[in-house]
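Enquirer: Okay, so here is target-v4.txt, and as you'll see once you scroll down, it has compact mmCIF, C-alpha atoms.
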```
# COMPACT_ATOMS: atom_id res chain seq x y z
CA MET A 1 -50.64 -127.00 -130.99
CA GLN A 2 -47.76 -127.59 -133.38
CA TRP A 3 -44.28 -126.87 -132.01
CA ILE A 4 -43.74 -124.03 -134.49
CA GLU A 5 -46.85 -122.36 -133.06
CA VAL A 6 -45.58 -122.77 -129.51
CA VAL A 7 -42.20 -121.24 -130.32
CA VAL A 8 -43.44 -118.32 -132.43
CA LEU A 9 -46.29 -117.28 -130.11
CA ALA A 10 -44.17 -117.57 -126.96
CA LEU A 11 -41.42 -115.42 -128.49
CA ILE A 12 -43.91 -112.83 -129.70
CA GLN A 13 -45.43 -112.58 -126.23
CA GLY A 14 -42.07 -112.32 -124.49
CA LEU A 15 -40.56 -109.79 -126.89
CA THR A 16 -43.58 -107.47 -126.99
CA GLU A 17 -44.97 -107.65 -123.45
CA PHE A 18 -42.71 -104.92 -122.08
CA LEU A 19 -42.11 -102.82 -125.19
CA PRO A 20 -44.54 -99.94 -125.83
CA VAL A 21 -45.89 -101.63 -128.97
CA SER A 22 -48.83 -103.80 -127.76
CA SER A 23 -48.40 -107.55 -127.45
CA SER A 24 -52.10 -108.14 -128.22
CA ALA A 25 -51.76 -106.41 -131.60
CA HIS A 26 -48.78 -108.57 -132.50
CA LEU A 27 -50.64 -111.74 -131.60
CA LEU A 28 -53.45 -110.53 -133.86
CA LEU A 29 -50.96 -110.50 -136.75
CA VAL A 30 -50.47 -114.26 -136.53
CA PRO A 31 -53.83 -115.19 -138.11
CA LEU A 32 -53.08 -112.80 -140.98
CA PHE A 33 -50.08 -114.90 -142.03
CA THR A 34 -51.09 -118.38 -140.88
CA ASP A 35 -54.11 -120.64 -140.48
CA TRP A 36 -53.26 -121.39 -136.86
CA PRO A 37 -56.21 -121.71 -134.47
CA ASP A 38 -56.53 -119.61 -131.34
CA GLN A 39 -53.99 -120.80 -128.78
CA GLY A 40 -56.52 -120.82 -125.93
CA LEU A 41 -56.52 -119.58 -122.34
CA VAL A 42 -54.13 -122.20 -120.97
CA PHE A 43 -51.41 -121.14 -123.40
CA ASP A 44 -52.09 -117.45 -122.62
CA ILE A 45 -51.59 -118.14 -118.94
CA ALA A 46 -48.33 -120.00 -119.61
CA VAL A 47 -46.72 -117.26 -121.72
CA HIS A 48 -47.86 -114.51 -119.35
CA PHE A 49 -46.42 -116.49 -116.47
CA GLY A 50 -43.15 -116.55 -118.39
CA SER A 51 -43.23 -112.76 -118.71
CA LEU A 52 -43.95 -112.53 -115.00
CA LEU A 53 -40.95 -114.71 -114.15
CA ALA A 54 -38.73 -112.52 -116.34
CA VAL A 55 -39.66 -109.23 -114.68
CA ILE A 56 -39.47 -110.73 -111.19
CA PHE A 57 -36.02 -112.16 -111.89
CA TYR A 58 -34.73 -108.92 -113.38
CA PHE A 59 -35.94 -106.84 -110.42
CA ARG A 60 -35.37 -109.54 -107.80
CA ARG A 61 -33.10 -107.43 -105.58
CA ASP A 62 -35.36 -104.39 -105.87
CA LEU A 63 -38.41 -106.50 -105.06
CA ALA A 64 -36.77 -107.99 -101.97
CA ALA A 65 -36.02 -104.46 -100.72
CA LEU A 66 -39.56 -103.31 -101.57
CA ILE A 67 -41.12 -106.18 -99.64
CA ARG A 68 -38.91 -105.50 -96.60
CA GLY A 69 -39.72 -101.81 -96.71
CA TRP A 70 -43.44 -102.41 -97.14
CA LEU A 71 -43.61 -104.89 -94.27
CA GLY A 72 -41.61 -102.46 -92.15
CA SER A 73 -44.13 -99.70 -92.86
CA LEU A 74 -46.96 -102.01 -91.76
CA LEU A 75 -45.09 -102.74 -88.53
CA GLY A 76 -44.68 -99.04 -87.78
CA ARG A 77 -41.01 -98.68 -88.71
CA GLY A 78 -41.65 -95.65 -90.90
CA ILE A 79 -41.69 -95.03 -94.63
CA ASN A 80 -38.36 -95.40 -96.41
CA PRO A 81 -37.94 -95.04 -100.22
CA GLU A 82 -38.54 -98.76 -100.76
CA ALA A 83 -41.77 -98.72 -98.74
CA ARG A 84 -42.87 -95.60 -100.60
CA LEU A 85 -42.35 -97.30 -103.97
CA ALA A 86 -44.13 -100.46 -102.80
CA TRP A 87 -47.17 -98.43 -101.77
CA ALA A 88 -47.00 -96.51 -105.07
CA ILE A 89 -47.23 -99.79 -106.98
CA ILE A 90 -50.21 -100.89 -104.90
CA TRP A 91 -52.11 -97.61 -105.30
CA ALA A 92 -51.36 -97.39 -109.02
CA THR A 93 -52.69 -100.92 -109.56
CA ILE A 94 -56.12 -100.32 -108.02
CA PRO A 95 -57.70 -98.45 -111.01
CA VAL A 96 -56.86 -101.14 -113.59
CA GLY A 97 -58.07 -103.85 -111.21
CA ILE A 98 -61.45 -102.18 -110.72
CA VAL A 99 -61.96 -101.23 -114.37
CA GLY A 100 -60.79 -104.65 -115.54
CA LEU A 101 -63.43 -106.42 -113.48
CA LEU A 102 -66.14 -104.05 -114.74
CA ILE A 103 -65.46 -104.21 -118.48
CA LYS A 104 -63.68 -107.58 -118.83
CA ASP A 105 -66.38 -109.06 -121.09
CA VAL A 106 -66.52 -105.98 -123.35
CA VAL A 107 -62.74 -105.94 -123.79
CA GLU A 108 -62.62 -109.63 -124.70
CA THR A 109 -65.36 -109.35 -127.33
CA SER A 110 -66.28 -106.12 -129.11
CA MET A 111 -62.91 -104.39 -128.69
CA ARG A 112 -60.73 -107.17 -130.08
CA SER A 113 -60.96 -106.24 -133.75
CA GLY A 114 -58.25 -105.34 -136.24
CA TYR A 115 -59.79 -101.93 -136.82
CA PHE A 116 -59.93 -101.13 -133.13
CA MET A 117 -56.35 -102.21 -132.52
CA GLY A 118 -55.10 -100.35 -135.59
CA TYR A 119 -56.58 -97.06 -134.42
CA SER A 120 -55.37 -97.67 -130.86
CA LEU A 121 -51.83 -98.35 -132.04
CA ILE A 122 -51.71 -95.14 -134.03
CA GLY A 123 -53.57 -92.89 -131.60
CA PHE A 124 -51.76 -93.93 -128.43
CA GLY A 125 -48.52 -94.15 -130.39
CA LEU A 126 -48.81 -90.48 -131.38
CA LEU A 127 -49.55 -89.64 -127.75
CA LEU A 128 -46.38 -91.48 -126.70
CA GLY A 129 -44.43 -89.57 -129.33
CA TYR A 130 -45.79 -86.26 -128.04
CA ALA A 131 -44.99 -87.19 -124.44
CA ASP A 132 -41.42 -88.11 -125.32
CA TRP A 133 -40.96 -84.96 -127.44
CA ARG A 134 -42.42 -82.81 -124.67
CA TYR A 135 -40.21 -84.42 -122.04
CA THR A 136 -37.09 -83.84 -124.16
CA ARG A 137 -38.04 -80.23 -124.86
CA LYS A 138 -39.14 -79.34 -121.34
CA TYR A 139 -37.04 -81.48 -119.01
CA SER A 140 -33.91 -82.64 -120.84
CA ASN A 141 -31.86 -79.80 -119.32
CA ASP A 142 -33.69 -79.85 -115.99
CA THR A 143 -31.41 -81.61 -113.50
CA ALA A 144 -34.19 -82.00 -110.93
CA ALA A 145 -36.46 -83.73 -113.43
CA ASN A 146 -33.69 -85.94 -114.74
CA ASN A 147 -32.96 -87.05 -111.18
CA THR A 148 -36.60 -87.95 -110.52
CA ASP A 149 -36.69 -91.72 -110.22
CA GLU A 150 -39.40 -94.22 -109.34
CA TYR A 151 -38.58 -93.94 -105.62
CA HIS A 152 -39.56 -90.27 -105.49
CA LEU A 153 -42.84 -90.10 -107.39
CA SER A 154 -45.34 -87.59 -106.06
CA LYS A 155 -48.89 -88.55 -105.15
CA THR A 156 -50.17 -86.79 -108.27
CA GLN A 157 -47.75 -88.69 -110.49
CA ILE A 158 -48.78 -92.01 -108.93
CA ILE A 159 -52.48 -91.26 -109.39
CA VAL A 160 -52.10 -90.16 -113.02
CA ILE A 161 -49.96 -93.16 -113.95
CA GLY A 162 -52.36 -95.51 -112.15
CA LEU A 163 -55.40 -94.07 -113.92
CA SER A 164 -53.62 -94.23 -117.26
CA GLN A 165 -52.92 -97.92 -116.74
CA ALA A 166 -56.66 -98.58 -116.86
CA LEU A 167 -56.57 -97.44 -120.51
CA ALA A 168 -54.29 -100.40 -121.24
CA LEU A 169 -57.40 -102.59 -121.16
CA ILE A 170 -58.17 -101.15 -124.59
CA PRO A 171 -56.62 -103.62 -127.06
CA GLY A 172 -53.74 -102.09 -129.00
CA THR A 173 -52.94 -99.51 -126.33
CA SER A 174 -49.96 -101.28 -124.70
CA ARG A 175 -49.81 -101.30 -120.93
CA SER A 176 -46.16 -100.30 -120.83
CA GLY A 177 -46.74 -97.71 -123.55
CA ILE A 178 -49.55 -95.86 -121.79
CA THR A 179 -47.89 -95.89 -118.35
CA ILE A 180 -44.59 -94.64 -119.80
CA THR A 181 -46.55 -91.97 -121.69
CA ALA A 182 -48.23 -90.78 -118.51
CA ALA A 183 -44.97 -90.77 -116.57
CA LEU A 184 -43.18 -88.76 -119.26
CA LEU A 185 -46.02 -86.24 -119.36
CA MET A 186 -45.63 -85.86 -115.59
CA GLY A 187 -41.91 -85.10 -115.95
CA VAL A 188 -40.50 -88.47 -114.87
CA ASN A 189 -37.29 -89.40 -116.70
CA ARG A 190 -37.32 -92.16 -119.31
CA GLU A 191 -35.51 -94.83 -117.31
CA ALA A 192 -37.63 -94.30 -114.22
CA SER A 193 -40.80 -94.27 -116.34
CA ALA A 194 -39.85 -97.63 -117.84
CA ARG A 195 -38.77 -99.20 -114.54
CA PHE A 196 -41.95 -98.13 -112.76
CA SER A 197 -44.01 -99.42 -115.68
CA PHE A 198 -42.26 -102.80 -115.50
CA LEU A 199 -42.73 -103.04 -111.74
CA LEU A 200 -46.41 -102.19 -112.20
CA SER A 201 -46.72 -105.12 -114.60
CA ILE A 202 -46.16 -107.63 -111.78
CA PRO A 203 -49.48 -107.23 -109.93
CA VAL A 204 -51.32 -106.63 -113.24
CA ILE A 205 -50.06 -109.89 -114.78
CA VAL A 206 -50.85 -111.74 -111.54
CA LEU A 207 -54.41 -110.38 -111.54
CA ALA A 208 -54.98 -111.11 -115.23
CA ALA A 209 -53.53 -114.62 -115.01
CA GLY A 210 -55.61 -115.26 -111.91
CA LEU A 211 -58.83 -114.37 -113.72
CA GLN A 212 -57.86 -116.53 -116.68
CA THR A 213 -57.04 -119.43 -114.37
CA VAL A 214 -60.53 -119.23 -112.88
CA ASP A 215 -62.01 -119.42 -116.38
CA VAL A 216 -59.84 -122.43 -117.23
CA MET A 217 -60.83 -124.26 -114.05
CA MET A 218 -64.47 -123.88 -115.04
CA GLN A 219 -63.74 -125.56 -118.41
CA PRO A 220 -61.77 -128.79 -117.77
CA MET A 221 -59.67 -129.84 -120.75
CA PRO A 222 -56.53 -131.89 -121.50
CA ILE A 223 -53.40 -129.86 -120.76
CA PRO A 224 -50.20 -130.33 -122.84
CA TRP A 225 -47.83 -129.75 -119.93
CA PHE A 226 -44.54 -130.13 -121.81
CA GLN A 227 -45.53 -127.64 -124.52
CA LEU A 228 -46.67 -125.18 -121.86
CA LEU A 229 -43.38 -125.55 -119.99
CA VAL A 230 -41.41 -124.80 -123.16
CA ALA A 231 -43.68 -121.84 -123.96
CA THR A 232 -43.20 -120.45 -120.45
CA ALA A 233 -39.41 -120.79 -120.70
CA LEU A 234 -39.23 -119.13 -124.13
CA SER A 235 -41.49 -116.30 -123.06
CA ALA A 236 -39.45 -115.75 -119.89
CA LEU A 237 -36.12 -115.75 -121.71
CA SER A 238 -37.21 -113.40 -124.50
CA ALA A 239 -38.96 -111.06 -122.05
CA TYR A 240 -35.86 -110.88 -119.84
CA ILE A 241 -33.64 -110.03 -122.81
CA CYS A 242 -36.18 -107.42 -123.91
CA ILE A 243 -36.30 -105.74 -120.48
CA ARG A 244 -32.53 -105.69 -120.20
CA LEU A 245 -31.93 -104.21 -123.66
CA PHE A 246 -34.79 -101.70 -123.43
CA LEU A 247 -33.55 -100.23 -120.15
CA ALA A 248 -29.99 -100.14 -121.48
CA VAL A 249 -30.78 -98.07 -124.57
CA ILE A 250 -33.88 -96.06 -123.69
CA ARG A 251 -31.99 -92.94 -122.62
CA ARG A 252 -30.15 -92.76 -125.94
CA ILE A 253 -32.86 -93.71 -128.42
CA GLY A 254 -35.97 -92.33 -126.71
CA MET A 255 -39.46 -93.43 -127.72
CA GLN A 256 -39.68 -92.17 -131.29
CA PRO A 257 -38.54 -95.45 -132.96
CA PHE A 258 -41.40 -97.23 -131.18
CA VAL A 259 -43.83 -94.49 -132.22
CA PHE A 260 -42.86 -94.94 -135.87
CA TYR A 261 -43.20 -98.72 -135.55
CA ARG A 262 -46.65 -98.39 -133.94
CA ILE A 263 -47.90 -96.14 -136.73
CA VAL A 264 -46.66 -98.54 -139.43
CA LEU A 265 -48.14 -101.56 -137.65
CA GLY A 266 -51.44 -99.78 -137.00
CA ALA A 267 -51.71 -98.72 -140.64
CA TYR A 268 -51.01 -102.29 -141.74
CA LEU A 269 -53.75 -103.66 -139.49
CA LEU A 270 -56.23 -101.08 -140.80
CA TYR A 271 -55.29 -101.99 -144.37
CA SER A 272 -55.51 -105.73 -143.67
CA PHE A 273 -58.96 -105.52 -142.09
CA TYR A 274 -60.34 -102.95 -144.56
```
Can I see the file as structure tokens?
Expert:
Amino acid sequence: MQWIEVVVLALIQGLTEFLPVSSSAHLLLVPLFTDWPDQGLVFDIAVHFGSLLAVIFYFRRDLAALIRGWLGSLLGRGINPEARLAWAIIWATIPVGIVGLLIKDVVETSMRSGYFMGYSLIGFGLLLGYADWRYTRKYSNDTAANNTDEYHLSKTQIIVIGLSQALALIPGTSRSGITITAALLMGVNREASARFSFLLSIPVIVLAAGLQTVDVMMQPMPIPWFQLLVATALSALSAYICIRLFLAVIRRIGMQPFVFYRIVLGAYLLYSFY
């Protein structure tokens, strides 16, 4: 890969991984403007690992508390809020893990088209817009709902959000977008919806990267370690900045700017692949 490819693709991955706009759709835009070849599985693993480092670093204190609480619950010390959230993350990850193993080949082939992603961007974008509008209309003045954070999700909320995450396997959906949509529809406030979505990304990225690593190990090839290290660092830095800014402004701006962006991007993809 050329260095310009490494920089651009790593930044795209980092900046779009945690926004509700679909990182896969943005990576699909690259061939429309360049003649760059596919970056390959090794590069995918590197930039996703960068995103993983970013979310782990941002939530490092929360994760330490979650691990302590979860281990305590296993040792019979009871369920505190941290243990409850840790178990919520585990239960909400199971659906996407099962569905991912079942339809992995279909997702990687027939669903990765410009048309498919264009319709997914628009359709799930409109659903996100409705969820955000409904939350504002129904819960904005509800103190109880506004105080509902990720540590106090009900079993129903966990199940719905977990099931919705399986839809993220559809290219163009956006994993963060669909989980935030489901959380908003269930009355969870915006910040908590985003934080829970980001925490859910940790086991999902680990599982996805693990499957990709297995595929790479079955196809030995030369590995450009220095380029991969730079790509990982750029992805991690841009993803960290993205997480920090998104959580800082989400209460004020809501989801509608992302909905508008998704519709424009989806329409452009449909036009480009017409």
Enquirer: Set the distance at 6 Å and use all atoms listed in the file: which residues neighbour Ser51 (chain A) once local chain neighbours fewer than 4 positions away are removed? I'd like the list as JSON, numbers by chain.
Expert: {"A": [14, 235, 236, 239]}
Enquirer: Extract, using only C-alpha atoms, all DNA, RNA and protein residues at most 10 Å from Phe260 (chain A), discarding same-chain residues fewer than 6 positions from it, and format them as a list in words.
Expert: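 Selected residues are Ile122, Gly125, Leu126, Gly129 and Gly266 of chain A.
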Enquirer: Select all residues near (-41.7, -104.8, -120.4) (cut-off 7 Å, inclusive, file coordinates), counting only C-alpha atoms, and output them as number ranges by chain.
Expert: A: 17-19, 176, 198, 243
Enquirer: Every residue with an atom at most 6 Å from (-51.7, -103.6, -127.7) (file coordinates; all atoms listed in the file) is what I'm after, so could you write them as a short mmCIF file (atom, residue, chain, number, x, y, z; two decimals) with C-alpha atoms, in the frame of the given file?
Expert:
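This is the output file result.cif:
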```cif
data_model
loop_
_atom_site.label_atom_id
_atom_site.label_comp_id
_atom_site.auth_asym_id
_atom_site.auth_seq_id
_atom_site.Cartn_x
_atom_site.Cartn_y
_atom_site.Cartn_z
CA SER A 22 -48.83 -103.80 -127.76
CA SER A 23 -48.40 -107.55 -127.45
CA SER A 24 -52.10 -108.14 -128.22
CA ALA A 25 -51.76 -106.41 -131.60
CA PRO A 171 -56.62 -103.62 -127.06
CA GLY A 172 -53.74 -102.09 -129.00
CA THR A 173 -52.94 -99.51 -126.33
CA SER A 174 -49.96 -101.28 -124.70
#
```
Enquirer: May I ask which of the residues A:Pro95, A:Gly69, A:Gly76, A:Gly114 is the closest one to Leu27 (chain A), counting all atoms listed in the file?
Expert: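 The answer is A:Gly114, which sits nearest to Leu27 (chain A).
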